[in-house]
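Q: Here's a structure for you.
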Amino acid sequence: MKLRNLLLVLAAAAILAGQTVDMGVTLERAVRKENVEGDLSGAIELYKKVVAASANRADIAKALLGLGECYEKQGSAEAQKAYERLVKEFGDQAEAARQAQARLAAMGKTRGGEGVVAQLIARDAYVDQRGTGLTGRVTPDGKLYVFVDPVSGNLATRDLESGAVKRLTNDATGGKAHDAHAANPIPSRDGRQVAFAWGSAGSLYAADHPVALRVINIDGSGMRTTPAQLGRSLPTPLVLDWTPDGKSILIAGPVPESAPVFDLGTAQRPPAYGYATVDLKTGEVHAIARSRVFSDAGLSPDGRWLVYSRGIRDTSSFGIFALDIHSLRETAIVDGPGRNRDAMWVPGADRPVFRSDRKGNNGIWMVRFKDGAAAGDPILIKQDAGDYTPLGVSRDGSLFYGLSHESSDIYSVAVDPVTLRAQGTPVVAVTSYPGRNMWPSWSPSGDAFAYYSDREAGVGHRLVIRHTDGKETVASAAFPAFAFPPNWCGGDQLFDFTTGEVRRMLRNTTPLPSQLGISPACGSAYISAQTDNLGRRIYRYEIATDKETDLLLDRGELATMPLVPPDGKWLALWGRLEGSTKTTVMLLPAQGGSLRALDVDGLNDYGYSWTPDSKRLLVSRRVESAGGKGPEDELFWVSVEGGAPQPIGIRMPGGFSTLSASRVGLSPPSLNPDGKRLLYSATETSNELWVLRNLALK
């Protein structure tokens, strides 16, 4: 009898395990139907099956979240029920519950905005251009999202109802800055065409790689390049808007200093950049206004007013302004308080919408504009809208906007000290403030590591030192941004130049962080600069004496990310040899000499690090997945003696993954001096496309 009961228990367990596996497969099918096939109804049925039959609470929570997203995309009130159930019954599933609470907050009607409804449209790979900002635009009919494919660099559209993606161009060479790629797509006011900038393959600084202005039909036919000469580098010129007659394009880019145009800058000497229109037929550039700082700008429905944001003199506020392009008379539409930006005009109406933190958090506001002036006070449409990016206003008065969510954690993994191959599974090395920690760097003694932590919302990043006993030392000052892992020097002294400490010591020069490397003892800085005649200069700057020693002078393009190994013999840089078209890691003797390229393709913009013995560089680079399902980020090492890069055995989905709806980047790894432990951070950025409907009611 006991044996029979045991067999029955084992059989039941086997059946339950089979159901769990089946429900896991069903959940994957549901995700694919929602995000890849665009079959919302089919995805809903599969999500319901998981909720009803799965024994795995994590899978049920994910299914409820997916169910709510599908309902939101359909505009159904059932979305709220799914989210509320997730929060109420599965609060132990922290990440899913957090997302559900965020959805509920975003869906809620706000004071002053009765009838205005926020709806999630898409949350997947084809929402964002490069993972750090949403730069596409929605067509005026609200049916298509026009964007730049992050992997190929080509122009594409997404059907906002079905989710179907269609490529409009095919001649891009990649999605990075030095590739031939599209940028700044702007649909015409009738929705039939798209204007966009096209950057040629090559350096951003090379004079023989100009930016072109292109126009293509919304179905991908009739692509043509205008005769306009716009400059030689992205991100300027920026394509901003179409004139109402469809004959010219508004851009931000080079403007002749001799042009009699209105100066929006604050300096006495007029800047050489500004706003202008470009005639699509002749290519003639008509300057409108000069400006030292560009913002999103557009033309009013009648084309008379240039609308933009700029700083208000003698204050910390930003205002929304309108410039009469005929009389050059400037009018303040919204002049504070707070940061008022990103104005977008409702088509055919007398009101722009804009974002403002005048009430504390970012909100969506609207103001009426009549006869060259604001007609009344701004009206709050939606409060607590988040750090959104406006993506267009459709003719029915719906505002489309994007939201980005980023999560970064630090991982530790054991490695073989000879091959540097990963041994075992990586584990999270910092459990405090999950999702907010990045860019680790071991100390020279190996008994501590430093990293950055975005642990206080709205304050900035903190520099943290974590000791072997788990205790942490946190820098008192926060800073808004960083470029590379913290820099150790002078034994175990931490000298982070991105906070400004070392840069203040460089009295005769103020390089950007990407142009600056510090010697192991912090006595010297190695700087890569572009000369006035577009040559390249790499030199050593002695901090104590201000002495400068040239290490290399040539006609190559600007190299970045100079990094000195512990033995101080080399300088690693990211760029190209003079006359070469291949971007890779280069080595320069620390005392000067000739550049030598290493064989590293696909290096990520995140940089690299030296091993403690100064014999190898650790890199993060982009590779194709074995199954052909898109790019992945993988950690490698390469010897200073040359040879093919060798994989460490750490790989994660990179760029954009259609199934994971995210971008994952691996930071440069840091190897402990004992050669047995590796630290790195993985950053995941998910992006969403939302619409705020019924603005026409206000």
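By order in the structure tokens, chains are A, B, ...; within a chain, residues start at 1; ligands start at 1, following the order shown.
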Identify, on the basis of only C-alpha atoms, every residue whose closest approach to segment 526-534 of chain A does not exceed 7 Å; exclude the query and any residue fewer than 4 positions from it along the same chain; express the result as a short mmCIF file (atom, residue, chain, number, x, y, z; two decimals) with N, CA and C atoms, in the first residue's frame.
A:
```
data_model
loop_
_atom_site.label_atom_id
_atom_site.label_comp_id
_atom_site.auth_asym_id
_atom_site.auth_seq_id
_atom_site.Cartn_x
_atom_site.Cartn_y
_atom_site.Cartn_z
N GLN A 515 37.87 62.09 -23.57
CA GLN A 515 39.16 62.44 -24.17
C GLN A 515 40.31 62.33 -23.16
N LEU A 516 40.02 61.88 -21.95
CA LEU A 516 40.97 61.99 -20.86
C LEU A 516 41.26 60.64 -20.22
N GLY A 517 42.54 60.31 -20.04
CA GLY A 517 42.97 59.14 -19.29
C GLY A 517 43.99 59.55 -18.25
N ILE A 518 43.96 58.91 -17.07
CA ILE A 518 44.84 59.28 -15.98
C ILE A 518 45.90 58.20 -15.77
N ILE A 538 47.56 63.66 -29.69
CA ILE A 538 47.51 62.90 -28.45
C ILE A 538 48.74 63.31 -27.65
N TYR A 539 48.52 63.77 -26.43
CA TYR A 539 49.64 64.29 -25.66
C TYR A 539 49.50 63.95 -24.17
N ARG A 540 50.62 64.08 -23.46
CA ARG A 540 50.67 63.85 -22.02
C ARG A 540 50.74 65.20 -21.31
N TYR A 541 49.95 65.34 -20.27
CA TYR A 541 49.90 66.59 -19.50
C TYR A 541 50.35 66.28 -18.07
N LEU A 558 39.50 61.98 -34.53
CA LEU A 558 39.59 62.00 -33.08
C LEU A 558 39.47 60.59 -32.51
N ALA A 559 40.41 60.20 -31.65
CA ALA A 559 40.34 58.94 -30.92
C ALA A 559 39.83 59.24 -29.51
N THR A 560 39.13 58.29 -28.91
CA THR A 560 38.52 58.51 -27.61
C THR A 560 38.90 57.41 -26.63
N PRO A 562 41.00 57.16 -23.93
CA PRO A 562 42.39 56.80 -23.59
C PRO A 562 42.45 56.12 -22.23
#
```
Q: I'd like the contact shell of Arg192 of chain A - 9 Å cut-off, only C-alpha atoms, skipping same-chain residues fewer than 2 positions apart - returned as a VMD selection string.
A: chain A and resid 139 187 to 190 194 216 to 219
Q: Residues of the last selection are to be written out with C-alpha atoms, as a short mmCIF file (atom, residue, chain, number, x, y, z; two decimals), in the first residue's frame.
A:
```cif
data_model
loop_
_atom_site.label_atom_id
_atom_site.label_comp_id
_atom_site.auth_asym_id
_atom_site.auth_seq_id
_atom_site.Cartn_x
_atom_site.Cartn_y
_atom_site.Cartn_z
CA THR A 139 2.24 60.18 -38.41
CA PRO A 187 6.49 62.72 -41.26
CA SER A 188 4.98 65.37 -43.52
CA ARG A 189 1.80 67.10 -42.39
CA ASP A 190 -0.31 65.03 -44.77
CA VAL A 194 9.06 61.34 -44.34
CA ILE A 216 10.91 59.16 -48.90
CA ASN A 217 7.28 58.18 -49.38
CA ILE A 218 5.62 56.57 -46.37
CA ASP A 219 5.37 53.26 -48.27
#
```
Q: Mind pulling up the distance from atom CA of Thr315 of chain A to atom CA of Leu250 of chain A?
A: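 Here the two named atoms are 28.8 Å from each other.
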Q: Skip Ser620 of chain A itself and residues of its chain fewer than 4 positions away, then list as a PyMOL selection string all residues within 12 Å of it, counting only C-alpha atoms.
A: chain A and resi 585+600-609+632-638+645-652+654+664-670+680-682
Q: Please provide as an mmCIF file with N, CA and C atoms, in the first residue's frame all residues within 9 Å of Arg693 of chain A, with the sequence filter that same-chain residues fewer than 5 positions apart are discarded (counting only C-alpha atoms).
A:
```
data_model
loop_
_atom_site.group_PDB
_atom_site.id
_atom_site.type_symbol
_atom_site.label_atom_id
_atom_site.label_comp_id
_atom_site.auth_asym_id
_atom_site.auth_seq_id
_atom_site.Cartn_x
_atom_site.Cartn_y
_atom_site.Cartn_z
ATOM 1 N N GLY A 115 -11.556 63.207 -18.607
ATOM 2 C CA GLY A 115 -11.794 62.691 -19.950
ATOM 3 C C GLY A 115 -10.527 62.371 -20.696
ATOM 4 N N VAL A 116 -9.361 62.847 -20.228
ATOM 5 C CA VAL A 116 -8.089 62.556 -20.874
ATOM 6 C C VAL A 116 -7.582 61.208 -20.368
ATOM 7 N N VAL A 117 -7.278 60.303 -21.272
ATOM 8 C CA VAL A 117 -6.915 58.936 -20.902
ATOM 9 C C VAL A 117 -5.551 58.583 -21.480
ATOM 10 N N ALA A 118 -4.653 58.014 -20.634
ATOM 11 C CA ALA A 118 -3.351 57.521 -21.081
ATOM 12 C C ALA A 118 -3.466 56.043 -21.413
ATOM 13 N N GLN A 119 -2.938 55.631 -22.568
ATOM 14 C CA GLN A 119 -3.046 54.247 -23.020
ATOM 15 C C GLN A 119 -1.697 53.753 -23.509
ATOM 16 N N ASP A 396 -6.462 64.191 -34.402
ATOM 17 C CA ASP A 396 -7.609 64.107 -33.494
ATOM 18 C C ASP A 396 -7.272 64.603 -32.091
ATOM 19 N N GLY A 397 -6.067 65.175 -31.920
ATOM 20 C CA GLY A 397 -5.704 65.744 -30.630
ATOM 21 C C GLY A 397 -5.122 64.744 -29.652
ATOM 22 N N SER A 398 -4.526 63.662 -30.133
ATOM 23 C CA SER A 398 -3.897 62.671 -29.260
ATOM 24 C C SER A 398 -2.390 62.901 -29.234
ATOM 25 N N LEU A 399 -1.818 62.974 -28.030
ATOM 26 C CA LEU A 399 -0.381 63.148 -27.866
ATOM 27 C C LEU A 399 0.276 61.787 -27.697
ATOM 28 N N PHE A 400 1.242 61.483 -28.547
ATOM 29 C CA PHE A 400 2.006 60.251 -28.443
ATOM 30 C C PHE A 400 3.340 60.572 -27.768
#
```
Q: Would you mind listing what lies within 8 Å of Ala122 of chain A as JSON, numbers by chain, with only C-alpha atoms counted and same-chain residues fewer than 3 positions away left out?
A: {"A": [73, 127, 160, 163, 688, 689, 690]}
Q: Would you save the residues from that selection as a PDB file, in the first residue's frame, using N, CA, C and O atoms?
A:
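What follows is the written file part09.pdb:
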```pdb
ATOM      1  N   LYS A  73      -3.462  48.054 -24.899  1.00  0.00           N
ATOM      2  CA  LYS A  73      -3.259  48.333 -26.316  1.00  0.00           C
ATOM      3  C   LYS A  73      -4.572  48.313 -27.085  1.00  0.00           C
ATOM      4  O   LYS A  73      -4.709  48.979 -28.112  1.00  0.00           O
ATOM      5  N   VAL A 127      10.351  50.369 -30.332  1.00  0.00           N
ATOM      6  CA  VAL A 127       9.831  51.599 -29.754  1.00  0.00           C
ATOM      7  C   VAL A 127      10.893  52.684 -29.803  1.00  0.00           C
ATOM      8  O   VAL A 127      10.635  53.823 -30.089  1.00  0.00           O
ATOM      9  N   LEU A 160       0.761  50.916 -35.566  1.00  0.00           N
ATOM     10  CA  LEU A 160       0.426  50.989 -34.150  1.00  0.00           C
ATOM     11  C   LEU A 160      -0.776  50.146 -33.773  1.00  0.00           C
ATOM     12  O   LEU A 160      -1.055  49.958 -32.590  1.00  0.00           O
ATOM     13  N   GLY A 163       1.125  46.183 -34.990  1.00  0.00           N
ATOM     14  CA  GLY A 163       2.495  45.968 -34.556  1.00  0.00           C
ATOM     15  C   GLY A 163       3.449  45.603 -35.678  1.00  0.00           C
ATOM     16  O   GLY A 163       4.635  45.400 -35.442  1.00  0.00           O
ATOM     17  N   GLU A 688       8.686  52.199 -23.822  1.00  0.00           N
ATOM     18  CA  GLU A 688       7.243  52.084 -24.032  1.00  0.00           C
ATOM     19  C   GLU A 688       6.732  53.245 -24.870  1.00  0.00           C
ATOM     20  O   GLU A 688       7.256  54.361 -24.785  1.00  0.00           O
ATOM     21  N   LEU A 689       5.717  52.975 -25.642  1.00  0.00           N
ATOM     22  CA  LEU A 689       5.043  54.004 -26.434  1.00  0.00           C
ATOM     23  C   LEU A 689       3.639  54.176 -25.880  1.00  0.00           C
ATOM     24  O   LEU A 689       2.881  53.208 -25.773  1.00  0.00           O
ATOM     25  N   TRP A 690       3.297  55.407 -25.508  1.00  0.00           N
ATOM     26  CA  TRP A 690       2.001  55.722 -24.902  1.00  0.00           C
ATOM     27  C   TRP A 690       1.267  56.755 -25.761  1.00  0.00           C
ATOM     28  O   TRP A 690       1.872  57.468 -26.562  1.00  0.00           O
TER      29      TRP A 690
END
```
Q: In Å, with one decimal, what is the gap from atom CA of Ser248 of chain A to atom CA of Thr277 of chain A?
A: 6.0 Å
Q: Contacts of Asp447 of chain A at 10 Å or less, counting only C-alpha atoms, minus same-chain residues fewer than 4 places along, as a ChimeraX atom specification?
A: /A:442-443,466-469,492,672-673
Q: Fewer than 2 positions away in the same chain doesn't count, so skip those; otherwise give me all residues within 7 Å of Leu168 of chain A, counting only C-alpha atoms, as a VMD selection string.
A: chain A and resid 155 to 156 166 170 219 to 220
Q: Between A:Lys88, A:Arg167, A:Lys62, A:Lys676, which one has atoms that come closest to Ser221 of chain A, using only C-alpha atoms?
A: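 Checking each of A:Lys88, A:Arg167, A:Lys62, A:Lys676 against Ser221 of chain A, counting only C-alpha atoms, the winner is A:Arg167.
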Q: Write down as number ranges by chain the residues belonging to segment 337-510 of chain A that are assigned strand (DSSP E) by DSSP computed on the backbone.
A: A: 340-345, 352-359, 361-366, 369-370, 373-374, 379-382, 389-393, 399-415, 422-428, 437-442, 448-456, 460-467, 472-474, 488-489, 493-494
Q: Of the candidates A:Pro352, A:Pro140, A:Gly675, A:Gly360, which one gets nearest to Arg339 of chain A if we count only C-alpha atoms?
A: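 The shortest atom-to-atom distance to Arg339 of chain A comes from A:Gly360.
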Q: Using only C-alpha atoms, find the one residue out of A:Gln99, A:Asp245, A:Val239, A:Gly199 that sits nearest to Ala276 of chain A.
A: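 Among the listed residues, A:Val239 lies closest to Ala276 of chain A.
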